[in-house]
file work-v4.txt (compact mmCIF, C-alpha atoms)
# COMPACT_ATOMS: atom_id res chain seq x y z
CA MET A 1220 79.51 2.11 11.78
CA ILE A 1221 78.00 5.59 11.66
CA ASP A 1222 74.78 6.00 13.63
CA GLU A 1223 71.92 6.89 11.32
CA ASP A 1224 70.33 9.37 13.72
CA VAL A 1225 73.65 11.12 14.29
CA MET A 1226 74.07 11.42 10.53
CA PHE A 1227 70.58 12.89 10.00
CA ASN A 1228 71.14 15.37 12.82
CA LEU A 1229 74.50 16.44 11.39
CA LEU A 1230 73.14 16.89 7.88
CA GLY A 1231 70.14 18.82 9.17
CA ASN A 1232 72.33 21.92 9.42
CA GLU A 1233 73.05 23.90 6.27
CA THR A 1234 76.44 25.22 7.41
CA ARG A 1235 77.62 21.69 8.15
CA ARG A 1236 76.48 20.56 4.72
CA MET A 1237 78.48 23.41 3.18
CA ILE A 1238 81.55 22.52 5.25
CA LEU A 1239 81.36 18.88 4.15
CA LYS A 1240 80.95 19.94 0.53
CA MET A 1241 84.10 22.08 0.85
CA LEU A 1242 86.07 19.27 2.48
CA SER A 1243 85.00 16.87 -0.27
CA LEU A 1244 87.24 18.87 -2.61
CA GLY A 1245 90.25 18.28 -0.41
CA PRO A 1246 91.50 19.10 3.11
CA CYS A 1247 90.94 22.64 4.46
CA TYR A 1248 92.04 24.65 7.49
CA THR A 1249 89.71 26.56 9.81
CA THR A 1250 90.43 30.12 8.62
CA GLU A 1251 89.94 29.01 5.04
CA ILE A 1252 86.52 27.50 5.82
CA ALA A 1253 85.48 30.51 7.90
CA GLU A 1254 86.46 32.95 5.15
CA LYS A 1255 84.93 31.07 2.23
CA LEU A 1256 81.63 30.47 4.02
CA ASN A 1257 81.70 33.91 5.64
CA ILE A 1258 81.02 32.49 9.09
CA GLY A 1259 82.84 33.17 12.38
CA GLN A 1260 85.70 30.86 13.40
CA LYS A 1261 84.04 30.07 16.70
CA ALA A 1262 80.94 28.69 14.96
CA ILE A 1263 83.14 26.73 12.54
CA ASN A 1264 85.09 25.25 15.45
CA GLU A 1265 81.88 24.01 17.05
CA HIS A 1266 80.73 22.38 13.79
CA MET A 1267 84.16 20.77 13.33
CA ARG A 1268 84.01 19.40 16.86
CA LEU A 1269 80.66 17.71 16.13
CA LEU A 1270 81.91 16.30 12.82
CA GLN A 1271 85.04 14.95 14.49
CA GLU A 1272 83.04 13.43 17.35
CA ALA A 1273 80.85 11.64 14.84
CA GLY A 1274 84.04 10.20 13.36
CA ILE A 1275 83.57 11.46 9.82
CA VAL A 1276 86.20 14.20 9.82
CA ASP A 1277 89.86 13.91 10.88
CA LEU A 1278 92.21 16.61 12.06
CA TYR A 1279 95.91 16.75 11.23
CA VAL A 1280 98.59 19.37 11.64
CA GLN A 1281 100.76 20.39 8.72
CA LYS A 1282 103.92 22.47 8.95
CA GLN A 1283 103.99 25.52 6.72
CA SER A 1284 107.03 26.79 4.82
CA ARG A 1285 106.34 30.14 6.50
CA GLY A 1286 104.55 30.82 9.81
CA SER A 1287 103.11 28.43 12.35
CA PRO A 1288 101.75 24.97 11.49
CA ARG A 1289 98.12 24.74 10.36
CA LYS A 1290 95.31 22.48 11.55
CA TYR A 1291 93.76 20.79 8.55
CA PHE A 1292 90.47 18.88 8.41
CA LYS A 1293 89.64 16.10 5.99
CA ILE A 1294 86.83 13.64 5.36
CA ASN A 1295 88.05 10.24 6.47
CA LYS A 1296 85.71 7.72 4.82
CA ARG A 1297 82.90 7.16 2.39
CA ILE A 1298 79.48 7.61 3.92
CA ARG A 1299 76.08 6.85 2.47
CA LEU A 1300 72.72 7.77 3.86
CA GLU A 1301 69.54 6.85 2.09
CA PHE A 1302 66.03 7.81 3.00
CA ALA A 1303 62.93 6.53 1.22
CA MET A 1304 59.43 7.20 2.42
CA GLY A 1305 55.94 6.76 1.05
CA PRO A 1306 52.33 6.61 2.21
CA TYR A 1307 53.04 3.10 3.50
CA SER A 1308 56.79 2.82 3.74
CA TYR A 1309 59.73 4.29 5.56
CA THR A 1310 63.26 3.01 5.15
CA THR A 1311 66.67 4.38 5.88
CA VAL A 1312 70.04 2.90 5.04
CA SER A 1313 73.33 4.20 6.28
CA ASN A 1314 76.81 2.85 5.96
CA ASP A 1315 80.37 3.91 5.89
CA ALA A 1316 83.31 2.22 4.29
CA LEU A 1317 86.71 2.70 2.89
CA ASP A 1318 86.80 2.23 -0.85
CA ALA A 1319 86.23 -1.46 -1.47
CA ASP A 1320 88.77 -3.62 -3.22
CA ILE A 1321 87.43 -3.56 -6.75
CA SER A 1322 89.98 -5.81 -8.39
CA GLU A 1323 87.77 -8.83 -7.82
CA LEU A 1324 84.21 -8.63 -9.04
CA PRO A 1325 81.54 -9.99 -6.65
CA ASP A 1326 79.56 -12.81 -8.27
CA GLU A 1327 76.30 -10.93 -7.89
CA PHE A 1328 77.27 -8.17 -10.33
CA PRO A 1329 78.24 -9.85 -13.62
CA GLU A 1330 76.98 -6.71 -15.39
CA PHE A 1331 79.93 -4.72 -14.07
CA LYS A 1332 82.60 -6.81 -15.76
CA GLU A 1333 83.32 -4.35 -18.56
CA ILE A 1334 83.25 -1.18 -16.49
CA MET A 1335 85.46 -2.82 -13.87
CA LYS A 1336 88.06 -3.58 -16.55
CA GLU A 1337 87.89 0.02 -17.72
CA VAL A 1338 88.31 1.30 -14.16
CA ASN A 1339 91.28 -0.95 -13.47
CA LYS A 1340 92.93 0.32 -16.64
CA ALA A 1341 92.10 3.90 -15.68
CA ARG A 1342 93.96 3.54 -12.42
CA LYS A 1343 97.21 3.50 -14.36
CA ILE A 1344 96.28 6.33 -16.72
CA LYS A 1345 98.01 9.70 -16.43
CA GLU A 1346 95.61 11.67 -18.60
CA ILE A 1347 92.85 13.62 -16.92
CA SER A 1348 90.67 13.60 -20.04
CA MET A 1349 90.67 9.77 -20.15
CA LEU A 1350 89.93 9.55 -16.44
CA SER A 1351 87.12 12.02 -16.92
CA LYS A 1352 85.60 9.80 -19.60
CA THR A 1353 85.67 6.76 -17.31
CA LEU A 1354 84.04 8.82 -14.57
CA GLY A 1355 81.33 9.79 -17.03
CA ASN A 1356 80.61 6.12 -17.75
CA LEU A 1357 80.48 5.37 -14.04
CA ARG A 1358 78.09 8.26 -13.54
CA ILE A 1359 75.75 6.83 -16.20
CA GLU A 1360 75.79 3.43 -14.47
CA HIS A 1361 75.11 5.14 -11.15
CA GLU A 1362 72.09 6.97 -12.53
CA ARG A 1363 70.76 3.75 -14.03
CA LEU A 1364 70.99 2.06 -10.62
CA THR A 1365 69.21 4.97 -8.96
CA LYS A 1366 66.35 4.65 -11.44
CA ALA A 1367 66.31 0.88 -10.92
CA LYS A 1368 65.90 1.39 -7.19
CA GLU A 1369 63.06 3.82 -7.73
CA TYR A 1370 61.40 1.25 -9.96
CA VAL A 1371 61.73 -1.46 -7.32
CA GLU A 1372 60.40 0.96 -4.70
CA SER A 1373 57.39 1.61 -6.92
CA MET A 1374 56.79 -2.13 -7.13
CA ILE A 1375 57.03 -2.35 -3.33
CA GLY A 1376 54.51 0.51 -3.12
CA HIS A 1377 52.04 -1.34 -5.33
CA VAL A 1378 52.31 -4.59 -3.38
CA LYS A 1379 51.93 -2.77 -0.06
CA LEU A 1380 48.84 -1.00 -1.35
CA GLN A 1381 47.39 -4.38 -2.23
CA CYS A 1382 48.12 -5.51 1.34
CA ILE A 1383 46.18 -2.49 2.64
CA ASN A 1384 43.28 -3.33 0.33
CA VAL A 1385 43.19 -6.90 1.59
CA CYS A 1386 43.33 -5.68 5.21
CA ASP A 1387 40.45 -3.28 4.51
CA GLU A 1388 38.36 -6.02 2.90
CA MET A 1389 38.90 -8.19 5.96
CA GLY A 1390 37.67 -5.35 8.14
CA LEU A 1391 40.89 -4.87 10.14
CA ASP A 1392 41.04 -1.76 12.28
CA ASP A 1393 43.86 0.81 12.11
CA SER A 1394 46.06 -0.74 14.77
CA GLU A 1395 45.72 -4.24 13.31
CA LYS A 1396 46.52 -2.87 9.87
CA ARG A 1397 49.65 -1.13 11.16
CA LEU A 1398 50.74 -4.35 12.83
CA VAL A 1399 50.33 -6.33 9.60
CA LEU A 1400 52.24 -3.67 7.62
CA GLU A 1401 55.07 -3.57 10.11
CA LEU A 1402 55.31 -7.37 10.12
CA ILE A 1403 55.39 -7.79 6.36
CA GLY A 1404 57.66 -4.75 5.97
CA ALA A 1405 60.27 -6.45 8.11
CA GLY A 1406 59.83 -9.87 6.56
CA GLY A 1407 58.12 -11.17 9.71
CA LYS A 1408 61.32 -11.22 11.74
CA LEU A 1409 60.16 -9.04 14.65
CA SER A 1410 59.70 -9.88 18.32
CA ILE A 1411 56.82 -8.51 20.38
CA GLY A 1412 59.30 -6.13 21.98
CA ASP A 1413 60.40 -4.81 18.56
CA LEU A 1414 56.80 -4.33 17.47
CA SER A 1415 55.90 -2.53 20.69
CA ASP A 1416 58.88 -0.27 20.20
CA ARG A 1417 58.21 0.52 16.56
CA LEU A 1418 54.47 0.99 16.85
CA LYS A 1419 54.64 2.79 20.22
CA VAL A 1420 52.00 0.44 21.58
CA ASP A 1421 52.49 -1.55 24.78
CA GLU A 1422 53.39 -5.23 24.62
CA ASN A 1423 50.09 -6.55 26.02
CA GLU A 1424 48.16 -4.73 23.35
CA ILE A 1425 50.48 -6.17 20.68
CA THR A 1426 49.99 -9.68 22.06
CA ASP A 1427 46.21 -9.22 21.95
CA SER A 1428 46.24 -7.91 18.38
CA LEU A 1429 48.51 -10.75 17.25
CA LYS A 1430 46.07 -13.27 18.74
CA LYS A 1431 43.18 -11.67 16.86
CA LEU A 1432 45.14 -11.69 13.61
CA LYS A 1433 45.92 -15.37 14.13
CA VAL A 1434 42.24 -16.15 14.69
CA LYS A 1435 41.40 -14.30 11.48
CA GLY A 1436 43.96 -16.49 9.72
CA ILE A 1437 46.13 -13.56 8.62
CA ILE A 1438 49.31 -14.55 10.43
CA LYS A 1439 50.88 -17.74 11.68
CA SER A 1440 52.83 -17.91 14.94
CA MET B 826 59.95 18.57 -6.90
CA ILE B 827 61.02 18.57 -3.27
CA ASP B 828 63.91 20.89 -2.47
CA GLU B 829 66.89 18.94 -1.24
CA ASP B 830 67.88 21.47 1.41
CA VAL B 831 64.34 21.63 2.75
CA MET B 832 64.33 17.84 2.99
CA PHE B 833 67.67 17.71 4.86
CA ASN B 834 66.48 20.41 7.26
CA LEU B 835 63.21 18.57 7.93
CA LEU B 836 64.92 15.24 8.53
CA GLY B 837 67.50 16.85 10.80
CA ASN B 838 64.95 16.79 13.63
CA GLU B 839 64.39 13.55 15.52
CA THR B 840 60.76 14.25 16.41
CA ARG B 841 59.92 14.90 12.79
CA ARG B 842 61.58 11.64 11.78
CA MET B 843 59.46 9.83 14.38
CA ILE B 844 56.29 11.54 13.13
CA LEU B 845 57.02 10.52 9.54
CA LYS B 846 57.74 6.96 10.63
CA MET B 847 54.35 6.87 12.37
CA LEU B 848 52.53 8.31 9.36
CA SER B 849 54.19 5.75 7.12
CA LEU B 850 52.03 3.12 8.82
CA GLY B 851 48.88 4.98 7.89
CA PRO B 852 47.14 8.31 8.56
CA CYS B 853 47.13 9.65 12.14
CA TYR B 854 45.44 12.52 14.01
CA THR B 855 47.24 15.05 16.19
CA THR B 856 46.26 13.74 19.63
CA GLU B 857 47.29 10.24 18.57
CA ILE B 858 50.74 11.44 17.49
CA ALA B 859 51.18 13.59 20.60
CA GLU B 860 50.25 10.71 22.91
CA LYS B 861 52.34 8.04 21.22
CA LEU B 862 55.44 10.20 21.01
CA ASN B 863 54.79 11.75 24.42
CA ILE B 864 55.22 15.26 23.09
CA GLY B 865 52.95 18.31 23.56
CA GLN B 866 50.27 19.00 20.93
CA LYS B 867 51.63 22.50 20.35
CA ALA B 868 55.03 21.15 19.34
CA ILE B 869 53.39 18.52 17.13
CA ASN B 870 51.28 21.21 15.43
CA GLU B 871 54.40 23.19 14.59
CA HIS B 872 56.11 20.12 13.10
CA MET B 873 52.97 19.28 11.09
CA ARG B 874 52.86 22.84 9.76
CA LEU B 875 56.43 22.51 8.46
CA LEU B 876 55.77 19.10 6.91
CA GLN B 877 52.63 20.43 5.21
CA GLU B 878 54.44 23.52 3.95
CA ALA B 879 57.10 21.31 2.40
CA GLY B 880 54.30 19.49 0.61
CA ILE B 881 55.03 16.02 1.90
CA VAL B 882 52.13 15.66 4.32
CA ASP B 883 48.42 16.30 3.62
CA LEU B 884 45.66 17.14 6.03
CA TYR B 885 42.11 15.88 5.74
CA VAL B 886 39.11 15.93 8.04
CA GLN B 887 37.20 12.75 8.80
CA LYS B 888 33.82 12.56 10.48
CA GLN B 889 33.68 10.28 13.50
CA SER B 890 30.78 8.02 14.40
CA ARG B 891 30.85 9.72 17.81
CA GLY B 892 32.18 13.17 18.73
CA SER B 893 33.56 15.92 16.53
CA PRO B 894 35.39 15.30 13.23
CA ARG B 895 39.11 14.62 13.43
CA LYS B 896 42.00 16.18 11.50
CA TYR B 897 44.10 13.42 9.99
CA PHE B 898 47.56 13.69 8.48
CA LYS B 899 48.97 11.44 5.80
CA ILE B 900 52.11 11.17 3.69
CA ASN B 901 51.15 12.19 0.17
CA LYS B 902 53.95 10.87 -2.05
CA ARG B 903 57.06 8.78 -2.29
CA ILE B 904 60.20 10.69 -1.43
CA ARG B 905 63.83 9.68 -1.78
CA LEU B 906 66.86 11.43 -0.47
CA GLU B 907 70.33 10.07 -1.00
CA PHE B 908 73.57 11.36 0.36
CA ALA B 909 76.98 9.99 -0.53
CA MET B 910 80.22 11.59 0.54
CA GLY B 911 83.87 10.64 0.53
CA PRO B 912 87.31 12.22 0.81
CA TYR B 913 86.86 13.47 -2.78
CA SER B 914 83.16 13.27 -3.49
CA TYR B 915 79.87 14.72 -2.37
CA THR B 916 76.61 13.90 -4.07
CA THR B 917 72.99 14.21 -3.11
CA VAL B 918 69.95 13.00 -4.99
CA SER B 919 66.40 13.82 -4.08
CA ASN B 920 63.17 13.11 -5.83
CA ASP B 921 59.52 12.61 -5.20
CA ALA B 922 57.02 10.69 -7.24
CA LEU B 923 53.76 8.92 -7.16
CA ASP B 924 54.15 5.19 -7.64
CA ALA B 925 55.15 4.70 -11.24
CA ASP B 926 53.12 2.69 -13.69
CA ILE B 927 54.85 -0.67 -13.45
CA SER B 928 52.79 -2.58 -16.00
CA GLU B 929 55.25 -1.67 -18.74
CA LEU B 930 58.89 -2.46 -18.13
CA PRO B 931 61.39 0.24 -19.16
CA ASP B 932 63.87 -1.08 -21.73
CA GLU B 933 66.83 -0.36 -19.49
CA PHE B 934 65.84 -2.94 -16.86
CA PRO B 935 65.46 -6.29 -18.64
CA GLU B 936 66.55 -7.94 -15.39
CA PHE B 937 63.23 -7.02 -13.75
CA LYS B 938 61.06 -8.97 -16.15
CA GLU B 939 60.37 -11.89 -13.80
CA ILE B 940 59.86 -9.87 -10.64
CA MET B 941 57.53 -7.50 -12.51
CA LYS B 942 55.37 -10.43 -13.58
CA GLU B 943 55.26 -11.65 -9.99
CA VAL B 944 54.29 -8.17 -8.77
CA ASN B 945 51.53 -7.79 -11.34
CA LYS B 946 50.12 -11.15 -10.29
CA ALA B 947 50.42 -10.17 -6.63
CA ARG B 948 48.25 -7.14 -7.21
CA LYS B 949 45.27 -9.45 -7.61
CA ILE B 950 46.14 -11.73 -4.71
CA LYS B 951 44.03 -11.70 -1.55
CA GLU B 952 46.42 -13.59 0.69
CA ILE B 953 48.74 -11.63 2.96
CA SER B 954 51.26 -14.47 3.16
CA MET B 955 51.69 -14.53 -0.62
CA LEU B 956 52.03 -10.75 -0.76
CA SER B 957 54.57 -10.93 2.02
CA LYS B 958 56.62 -13.40 -0.01
CA THR B 959 56.65 -11.09 -3.03
CA LEU B 960 57.70 -8.21 -0.79
CA GLY B 961 60.54 -10.36 0.48
CA ASN B 962 61.76 -10.92 -3.09
CA LEU B 963 61.55 -7.20 -3.81
CA ARG B 964 63.50 -6.49 -0.66
CA ILE B 965 66.29 -8.84 -1.80
CA GLU B 966 66.44 -7.06 -5.18
CA HIS B 967 66.51 -3.71 -3.39
CA GLU B 968 69.44 -4.76 -1.24
CA ARG B 969 71.31 -6.02 -4.28
CA LEU B 970 70.88 -2.65 -5.96
CA THR B 971 72.11 -0.84 -2.86
CA LYS B 972 75.25 -2.96 -2.86
CA ALA B 973 75.67 -2.38 -6.59
CA LYS B 974 75.56 1.37 -6.02
CA GLU B 975 78.15 1.10 -3.28
CA TYR B 976 80.37 -0.86 -5.63
CA VAL B 977 80.04 1.77 -8.36
CA GLU B 978 80.75 4.48 -5.79
CA SER B 979 83.91 2.61 -4.80
CA MET B 980 84.98 2.54 -8.44
CA ILE B 981 84.32 6.29 -8.69
CA GLY B 982 86.46 6.75 -5.56
CA HIS B 983 89.37 4.85 -7.11
CA VAL B 984 89.23 6.82 -10.35
CA LYS B 985 89.01 10.13 -8.48
CA LEU B 986 92.00 9.16 -6.39
CA GLN B 987 93.93 8.52 -9.57
CA CYS B 988 92.94 12.01 -10.76
CA ILE B 989 94.35 13.46 -7.52
CA ASN B 990 97.57 11.51 -8.03
CA VAL B 991 97.91 12.83 -11.56
CA CYS B 992 97.26 16.39 -10.37
CA ASP B 993 99.89 15.97 -7.64
CA GLU B 994 102.45 14.65 -10.11
CA MET B 995 101.84 17.65 -12.32
CA GLY B 996 102.46 19.92 -9.36
CA LEU B 997 99.02 21.53 -9.26
CA ASP B 998 98.27 23.60 -6.17
CA ASP B 999 95.19 23.06 -3.97
CA SER B 1000 92.93 25.51 -5.76
CA GLU B 1001 93.83 24.14 -9.20
CA LYS B 1002 93.25 20.61 -7.92
CA ARG B 1003 89.81 21.52 -6.58
CA LEU B 1004 88.93 23.09 -9.89
CA VAL B 1005 89.93 19.96 -11.82
CA LEU B 1006 87.97 17.74 -9.41
CA GLU B 1007 84.88 19.90 -9.65
CA LEU B 1008 85.08 19.92 -13.44
CA ILE B 1009 85.47 16.18 -13.87
CA GLY B 1010 82.92 15.50 -11.10
CA ALA B 1011 80.29 17.37 -13.10
CA GLY B 1012 81.31 15.92 -16.44
CA GLY B 1013 82.78 19.25 -17.54
CA LYS B 1014 79.42 20.93 -17.99
CA LEU B 1015 79.96 23.91 -15.67
CA SER B 1016 80.11 27.61 -16.45
CA ILE B 1017 82.57 29.95 -14.75
CA GLY B 1018 79.65 31.23 -12.67
CA ASP B 1019 78.81 27.69 -11.50
CA LEU B 1020 82.43 27.01 -10.60
CA SER B 1021 82.75 30.28 -8.70
CA ASP B 1022 79.58 29.45 -6.81
CA ARG B 1023 80.58 25.89 -5.95
CA LEU B 1024 84.16 26.59 -5.03
CA LYS B 1025 83.41 29.91 -3.26
CA VAL B 1026 86.14 31.57 -5.27
CA ASP B 1027 85.54 34.72 -7.33
CA GLU B 1028 85.10 34.52 -11.08
CA ASN B 1029 88.35 36.30 -11.99
CA GLU B 1030 90.35 33.83 -9.97
CA ILE B 1031 88.52 30.93 -11.66
CA THR B 1032 89.26 32.41 -15.09
CA ASP B 1033 92.96 32.72 -14.19
CA SER B 1034 93.18 29.15 -12.92
CA LEU B 1035 91.38 27.82 -15.99
CA LYS B 1036 93.93 29.61 -18.20
CA LYS B 1037 96.81 28.05 -16.29
CA LEU B 1038 95.22 24.58 -16.53
CA LYS B 1039 94.84 25.07 -20.28
CA VAL B 1040 98.50 26.03 -20.62
CA LYS B 1041 99.46 22.91 -18.69
CA GLY B 1042 97.38 20.91 -21.16
CA ILE B 1043 95.02 19.54 -18.52
CA ILE B 1044 91.82 21.00 -19.87
CA LYS B 1045 90.49 22.13 -23.22
CA SER B 1046 88.21 25.15 -23.57
call {"tool": "encode", "arguments": {"input": "work-v4.txt", "output": "structure tokens"}}
result
Amino acid sequence: MIDEDVMFNLLGNETRRMILKMLSLGPCYTTEIAEKLNIGQKAINEHMRLLQEAGIVDLYVQKQSRGSPRKYFKINKRIRLEFAMGPYSYTTVSNDALDADISELPDEFPEFKEIMKEVNKARKIKEISMLSKTLGNLRIEHERLTKAKEYVESMIGHVKLQCINVCDEMGLDDSEKRLVLELIGAGGKLSIGDLSDRLKVDENEITDSLKKLKVKGIIKS
Amino acid sequence: MIDEDVMFNLLGNETRRMILKMLSLGPCYTTEIAEKLNIGQKAINEHMRLLQEAGIVDLYVQKQSRGSPRKYFKINKRIRLEFAMGPYSYTTVSNDALDADISELPDEFPEFKEIMKEVNKARKIKEISMLSKTLGNLRIEHERLTKAKEYVESMIGHVKLQCINVCDEMGLDDSEKRLVLELIGAGGKLSIGDLSDRLKVDENEITDSLKKLKVKGIIKS
């Protein structure tokens, strides 16, 4: 599993983003990358080292019909990184995977039955124009899901705002409010240690605030 | 609209990620941030300047019952950044928005009818435990959508792989293959200028390759 922080740090550099974009169109060798991006080989080598260390890029050597063998780089898995933030929310999701087996549809997505059939047919098709059409349909579905997520995030925003309003009406102070938000944001499954870590407040203070919130009837133990 | 590159650059720094996480639990003032993160005020000020410049953090001054007024920072909108990459794909999505009006359900999401009703009820509820339950349901829906997107991305991966196979069978070279992938990835809506820009290849070369692909019957004009 790719570490989220490592991924954010890697993507924080524009050259690395350009390198990854290039590699996403197929394997490349160092000189090729250096020339196309107009950046010195030494700098490219350093970026490639970091990408390899993170485990997202592989190196392999390929013999050439003429001249010495070349070192090629390629992206070795699918990686997703999602960041969503608002006045009262902050979530990140990261995962990496090989392409999933799509021949059996998970029960939770009955809506994909038709497109899955189309995709499984497409995998035997030899015509680029047909494949391109299927990709277009997948892209439409992908955009719909993105919008759906935004809609759900908006709903989360509205409910959280209501939580803040309730906290304000009950006269909670800032640190109590943050504690309540953190607790409900995580579905209440946090230890005192977790809370101390996330809120950067020491454990005794957390314990005190939790006691007060219990007295006020806002949380149960 | 937030610039994607700006967003990646901002999130590439761990301290800035920690600052945003803190602000997502409510407004904070500089000394508070500096103390909790154990980082000098000067460094914090520089980070805050960048976040303000990018337009994702606002500054406001609040009078204190004792002492001089304090400068508070707060996150001013919802921001999403998505990154998905694979051996033959690279996509990023970024957007920012205020919370959408959720009282009217868009036609494309009939599946949200029940949860929307629950959310609209929740917005009048004064009990944290009830709000927390609704948030839990929204979180489940959110996770389902994330998985759905991964599934669709897997399907895209399989279809793209088939495209590569077809290109290989037709004996296309690397640069022709990249051109085909870029074209089908974008749904064919790219000008020669766009292609030259994305593939870092000059326009004449692109024009030549497109001609060859036309002769081979892979693309139409």
call {"tool": "residues_near_point", "arguments": {"input": "work-v4.txt", "point": "(100.4, 8.8, -10.8)", "cutoff": "9 Å", "atoms": "only C-alpha atoms", "output": "ChimeraX atom specification"}}
result
/A:1342-1345 /B:987-994
call {"tool": "axis_aligned_box", "arguments": {"input": "work-v4.txt", "around": "range 1001-1020 of chain B", "padding_each_side": "3 Å", "output": "lines of an AutoDock Vina configuration file"}}
result
center_x = 86.3
center_y = 23.4
center_z = -12.3
size_x = 21.0
size_y = 21.7
size_z = 17.4
call {"tool": "residues_around", "arguments": {"input": "work-v4.txt", "residues": "Asn945 in chain B", "least_positions_apart": "5", "cutoff": "9 Å", "atoms": "all atoms listed in the file", "output": "list in words"}}
result
Met1374, His1377 and Val1378 of chain A; Ile927, Ser928 and Ile940 of chain B
call {"tool": "write_last_selection", "arguments": {"input": "work-v4.txt", "atoms": "C-alpha atoms", "output": "PDB file, in the frame of the given file"}}
result
ATOM      1  CA  MET A1374      56.790  -2.130  -7.130  1.00  0.00           C
ATOM      2  CA  HIS A1377      52.040  -1.340  -5.330  1.00  0.00           C
ATOM      3  CA  VAL A1378      52.310  -4.590  -3.380  1.00  0.00           C
TER       4      VAL A1378
ATOM      5  CA  ILE B 927      54.850  -0.670 -13.450  1.00  0.00           C
ATOM      6  CA  SER B 928      52.790  -2.580 -16.000  1.00  0.00           C
ATOM      7  CA  ILE B 940      59.860  -9.870 -10.640  1.00  0.00           C
TER       8      ILE B 940
END
call {"tool": "residues_around", "arguments": {"input": "work-v4.txt", "residues": "Ile1252 in chain A", "least_positions_apart": "5", "cutoff": "8 Å", "atoms": "all atoms listed in the file", "output": "NGL selection string"}}
result
:A and (1238 or 1241 or 1247 or 1263)
call {"tool": "write_last_selection", "arguments": {"input": "work-v4.txt", "atoms": "C-alpha atoms", "output": "PDB file, keeping the file's coordinate frame"}}
result
ATOM      1  CA  ILE A1238      81.550  22.520   5.250  1.00  0.00           C
ATOM      2  CA  MET A1241      84.100  22.080   0.850  1.00  0.00           C
ATOM      3  CA  CYS A1247      90.940  22.640   4.460  1.00  0.00           C
ATOM      4  CA  ILE A1263      83.140  26.730  12.540  1.00  0.00           C
TER       5      ILE A1263
END
call {"tool": "residues_around", "arguments": {"input": "work-v4.txt", "residues": "range 1007-1009 of chain B", "least_positions_apart": "2", "cutoff": "9 Å", "atoms": "all atoms listed in the file", "output": "list of chain:residue names"}}
result
A:Leu1244, A:Ile1347, A:Ser1348, A:Leu1350, A:Ser1351, A:Lys1352, A:Leu1354, A:Gly1355, B:Lys985, B:Lys1002, B:Arg1003, B:Leu1004, B:Val1005, B:Ala1011, B:Gly1012, B:Gly1013, B:Lys1014, B:Leu1015, B:Leu1020, B:Arg1023, B:Leu1024
call {"tool": "closest_residue", "arguments": {"input": "work-v4.txt", "among": "B:Lys942, B:Lys861, B:Arg874, B:Arg891", "to": "chain A", "atoms": "all atoms listed in the file"}}
result
B:Lys861
call {"tool": "atom_distance", "arguments": {"input": "work-v4.txt", "atom1": "CA of Leu1242 in chain A", "atom2": "CA of Asn1295 in chain A"}}
result
10.1 Å
call {"tool": "closest_residue", "arguments": {"input": "work-v4.txt", "among": "B:Asp830, B:Asp998, B:Glu978, B:Asp1033", "to": "Ser914 in chain B", "atoms": "only C-alpha atoms"}}
result
B:Glu978
call {"tool": "closest_residue", "arguments": {"input": "work-v4.txt", "among": "A:Gly1376, A:Gly1436, A:Pro1246, A:Gly1231", "to": "Val1280 in chain A", "atoms": "all atoms listed in the file"}}
result
A:Pro1246
call {"tool": "residues_around", "arguments": {"input": "work-v4.txt", "residues": "Asp1222 in chain A", "least_positions_apart": "5", "cutoff": "9 Å", "atoms": "all atoms listed in the file", "output": "CSV table (one decimal) with C-alpha atoms, in the coordinates of the input"}}
result
chain,number,residue,atom,x,y,z
A,1227,PHE,CA,70.6,12.9,10.0
A,1273,ALA,CA,80.8,11.6,14.8
A,1313,SER,CA,73.3,4.2,6.3
A,1314,ASN,CA,76.8,2.8,6.0
call {"tool": "residues_around", "arguments": {"input": "work-v4.txt", "residues": "Leu876 in chain B", "least_positions_apart": "6", "cutoff": "12 Å", "atoms": "only C-alpha atoms", "output": "ChimeraX atom specification"}}
result
/B:827,831-832,834-836,838,840-842,844-845,848,869-870,882-884,898-901
call {"tool": "build_atoms", "arguments": {"input": "work-v4.txt", "residues": "range 1257-1263 of chain A", "atoms": "N, CA and C atoms", "output": "short mmCIF file (atom, residue, chain, number, x, y, z; two decimals), in the frame of the given file"}}
result
data_model
loop_
_atom_site.label_atom_id
_atom_site.label_comp_id
_atom_site.auth_asym_id
_atom_site.auth_seq_id
_atom_site.Cartn_x
_atom_site.Cartn_y
_atom_site.Cartn_z
N ASN A 1257 82.06 32.65 5.00
CA ASN A 1257 81.70 33.91 5.64
C ASN A 1257 80.98 33.68 6.98
N ILE A 1258 81.59 32.85 7.79
CA ILE A 1258 81.02 32.49 9.09
C ILE A 1258 82.15 32.57 10.12
N GLY A 1259 81.83 33.00 11.33
CA GLY A 1259 82.84 33.17 12.38
C GLY A 1259 83.60 31.89 12.70
N GLN A 1260 84.87 32.03 13.08
CA GLN A 1260 85.70 30.86 13.40
C GLN A 1260 85.16 30.06 14.56
N LYS A 1261 84.54 30.76 15.52
CA LYS A 1261 84.04 30.07 16.70
C LYS A 1261 82.93 29.08 16.30
N ALA A 1262 82.03 29.56 15.44
CA ALA A 1262 80.94 28.69 14.96
C ALA A 1262 81.52 27.51 14.18
N ILE A 1263 82.51 27.80 13.32
CA ILE A 1263 83.14 26.73 12.54
C ILE A 1263 83.76 25.69 13.48
#
